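Have a look at the structure below, then the notes.
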Amino acid sequence: GIATFLQHQAGETLRNYKHLEKGKIIIYTTSMTVVRPTHARCKKLQKMLQTHMVRYEEKDLFMSKENQKELMERLNTNEIVLPQVFADGASLGTLENLERLNESGELRHILANFTKIDVKSSCEKCGGYRYMPCNFCHGSKKSLRRNNFTDEFCALRCMQCDENGLLRCDLCLDQQE
């Protein structure tokens, strides 16, 4: 009781990633192409995982502040090197570490128990961008549905989409191109 109180006293919610991500591979990447070396490393990691034909969930730090906060919490640092890979909630490290594991053959054994997928070249729904404008607010981030008790327009934030007015494409989320 007291230990739990002291852990949550600072307002932090501690997550048990080993339990939440059991049987999942999570990669933290960026889609921001301005920083070319980082973007190239992220693409190289995605190709490596696609070669092993494993299903993974990609969390784009450029598209979501929540993903940025989550990765900083997981690594317990503000200095982040992308991409980062987690399997079953445990860190596998950066691209350089995965390349070393891949060259030694250990990566194949680590990824052997994860779900295999069929890799698609392009998504019919989003065209390969992985995100689509929100169906509810159409990308404006303003919710008219939450405003139906007043005659005046009051811009309330849409609860369905992220801070950019986008939703993950459900076909890409299911297929992980």
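Ordering of the structure tokens sets the chain letters (A, B, ...); residue numbers start at 1 within each chain; ligands are numbered from 1 in the order shown.
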
What residues in segment 74-112 of chain A get the DSSP label helix (DSSP H, G or I)? Please answer as an mmCIF file with N, CA and C atoms, in the first residue's frame.
data_model
loop_
_atom_site.group_PDB
_atom_site.id
_atom_site.type_symbol
_atom_site.label_atom_id
_atom_site.label_comp_id
_atom_site.auth_asym_id
_atom_site.auth_seq_id
_atom_site.Cartn_x
_atom_site.Cartn_y
_atom_site.Cartn_z
ATOM 1 N N ARG A 74 10.169 5.073 -21.217
ATOM 2 C CA ARG A 74 10.706 3.716 -21.312
ATOM 3 C C ARG A 74 12.228 3.685 -21.241
ATOM 4 N N LEU A 75 12.875 4.664 -21.883
ATOM 5 C CA LEU A 75 14.337 4.697 -21.896
ATOM 6 C C LEU A 75 14.908 5.455 -20.704
ATOM 7 N N LEU A 95 19.054 0.301 -34.247
ATOM 8 C CA LEU A 95 19.315 -0.410 -35.494
ATOM 9 C C LEU A 95 20.670 -1.102 -35.462
ATOM 10 N N GLU A 96 21.671 -0.446 -34.917
ATOM 11 C CA GLU A 96 23.011 -1.015 -34.882
ATOM 12 C C GLU A 96 23.022 -2.324 -34.080
ATOM 13 N N ASN A 97 22.318 -2.349 -32.969
ATOM 14 C CA ASN A 97 22.236 -3.572 -32.163
ATOM 15 C C ASN A 97 21.497 -4.681 -32.919
ATOM 16 N N LEU A 98 20.404 -4.318 -33.604
ATOM 17 C CA LEU A 98 19.661 -5.324 -34.361
ATOM 18 C C LEU A 98 20.463 -5.840 -35.554
ATOM 19 N N GLU A 99 21.255 -4.989 -36.181
ATOM 20 C CA GLU A 99 22.115 -5.453 -37.273
ATOM 21 C C GLU A 99 23.136 -6.460 -36.757
ATOM 22 N N ARG A 100 23.697 -6.198 -35.593
ATOM 23 C CA ARG A 100 24.648 -7.119 -34.980
ATOM 24 C C ARG A 100 23.967 -8.455 -34.671
ATOM 25 N N LEU A 101 22.746 -8.394 -34.095
ATOM 26 C CA LEU A 101 21.987 -9.616 -33.809
ATOM 27 C C LEU A 101 21.619 -10.359 -35.093
ATOM 28 N N ASN A 102 21.304 -9.624 -36.139
ATOM 29 C CA ASN A 102 20.936 -10.231 -37.409
ATOM 30 C C ASN A 102 22.136 -10.934 -38.045
ATOM 31 N N GLU A 103 23.291 -10.295 -37.997
ATOM 32 C CA GLU A 103 24.501 -10.894 -38.572
ATOM 33 C C GLU A 103 24.919 -12.167 -37.844
ATOM 34 N N SER A 104 24.707 -12.191 -36.535
ATOM 35 C CA SER A 104 25.090 -13.379 -35.761
ATOM 36 C C SER A 104 24.029 -14.477 -35.816
ATOM 37 N N GLU A 106 21.197 -14.422 -34.169
ATOM 38 C CA GLU A 106 20.390 -14.423 -32.945
ATOM 39 C C GLU A 106 19.019 -13.795 -33.162
ATOM 40 N N LEU A 107 18.931 -12.821 -34.075
ATOM 41 C CA LEU A 107 17.664 -12.131 -34.305
ATOM 42 C C LEU A 107 16.605 -13.103 -34.811
ATOM 43 N N ARG A 108 16.987 -14.037 -35.639
ATOM 44 C CA ARG A 108 16.036 -15.030 -36.153
ATOM 45 C C ARG A 108 15.439 -15.835 -35.006
ATOM 46 N N HIS A 109 16.260 -16.186 -34.027
ATOM 47 C CA HIS A 109 15.763 -16.951 -32.877
ATOM 48 C C HIS A 109 14.886 -16.088 -31.973
ATOM 49 N N ILE A 110 15.232 -14.815 -31.820
ATOM 50 C CA ILE A 110 14.429 -13.905 -30.998
ATOM 51 C C ILE A 110 13.054 -13.710 -31.627
ATOM 52 N N LEU A 111 13.000 -13.557 -32.956
ATOM 53 C CA LEU A 111 11.750 -13.270 -33.656
ATOM 54 C C LEU A 111 10.958 -14.516 -34.046
ATOM 55 N N ALA A 112 11.462 -15.683 -33.731
ATOM 56 C CA ALA A 112 10.809 -16.929 -34.160
ATOM 57 C C ALA A 112 9.414 -17.105 -33.579
#

Shell of 7 Å around Cys134 of chain A, only C-alpha atoms, local chain residues under 3 positions omitted, as a short mmCIF file (atom, residue, chain, number, x, y, z; two decimals) with all heavy atoms, in the first residue's frame:
data_model
loop_
_atom_site.label_atom_id
_atom_site.label_comp_id
_atom_site.auth_asym_id
_atom_site.auth_seq_id
_atom_site.Cartn_x
_atom_site.Cartn_y
_atom_site.Cartn_z
N CYS A 137 -14.04 14.55 -37.64
CA CYS A 137 -13.82 16.00 -37.78
C CYS A 137 -13.18 16.36 -39.11
O CYS A 137 -12.95 17.53 -39.38
CB CYS A 137 -12.94 16.50 -36.63
SG CYS A 137 -11.24 15.90 -36.69
N HIS A 138 -12.86 15.37 -39.93
CA HIS A 138 -12.26 15.56 -41.25
C HIS A 138 -10.93 16.32 -41.17
O HIS A 138 -10.61 17.12 -42.04
CB HIS A 138 -13.22 16.26 -42.21
CG HIS A 138 -14.52 15.53 -42.33
ND1 HIS A 138 -14.64 14.30 -42.95
CD2 HIS A 138 -15.76 15.83 -41.86
CE1 HIS A 138 -15.89 13.89 -42.88
NE2 HIS A 138 -16.59 14.79 -42.22
N GLY A 139 -10.19 16.10 -40.09
CA GLY A 139 -8.87 16.70 -39.94
C GLY A 139 -8.85 18.07 -39.29
O GLY A 139 -7.79 18.63 -39.07
N CYS A 161 -9.30 11.54 -32.98
CA CYS A 161 -8.05 11.60 -33.74
C CYS A 161 -6.90 12.11 -32.87
O CYS A 161 -7.09 12.48 -31.72
CB CYS A 161 -8.22 12.49 -34.96
SG CYS A 161 -8.76 14.17 -34.58
N GLY A 165 -5.08 15.68 -36.34
CA GLY A 165 -6.35 15.44 -37.02
C GLY A 165 -6.33 14.17 -37.85
O GLY A 165 -7.09 14.04 -38.80
N LEU A 166 -5.45 13.22 -37.48
CA LEU A 166 -5.31 11.99 -38.26
C LEU A 166 -5.63 10.76 -37.43
O LEU A 166 -5.50 10.77 -36.22
CB LEU A 166 -3.87 11.88 -38.78
CG LEU A 166 -3.39 13.00 -39.69
CD1 LEU A 166 -1.91 12.84 -39.99
CD2 LEU A 166 -4.20 13.05 -40.96
N LEU A 167 -6.03 9.70 -38.13
CA LEU A 167 -6.26 8.39 -37.54
C LEU A 167 -5.36 7.39 -38.25
O LEU A 167 -5.07 7.54 -39.44
CB LEU A 167 -7.72 7.94 -37.74
CG LEU A 167 -8.79 8.69 -36.98
CD1 LEU A 167 -10.16 8.24 -37.46
CD2 LEU A 167 -8.66 8.43 -35.51
#

Atom CA of Tyr131 of chain A to atom CA of Arg36 of chain A, straight-line distance in Å: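 Between atom CA of Arg36 of chain A and atom CA of Tyr131 of chain A the gap is 21.1 Å.
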
_Quick check, in Å to one decimal: how far apart do atom CA of Asn135 of chain A and atom CA of Met63 of chain A lie?_
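Pair atom CA of Asn135 of chain A / atom CA of Met63 of chain A returns 17.7 Å.
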
Closest of A:Ile25, A:Tyr56, A:Thr94, A:Thr30 to Gln68 of chain A, counting only C-alpha atoms, is A:Thr30

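The space separating atom CA of Asp162 of chain A from atom CA of His19 of chain A comes to 25.0 Å.
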
Restricting to only C-alpha atoms, whichever of A:Ala87, A:Val34, A:Leu45, A:Leu61 is closest to Tyr17 of chain A is A:Ala87

### Message
Under the rule that only C-alpha atoms are counted, which of A:Gln50, A:Arg15, A:Ile26, A:Cys158 is the nearest residue to Lys116 of chain A?
### Response
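Among A:Gln50, A:Arg15, A:Ile26, A:Cys158, it is A:Gln50 that comes nearest to Lys116 of chain A.
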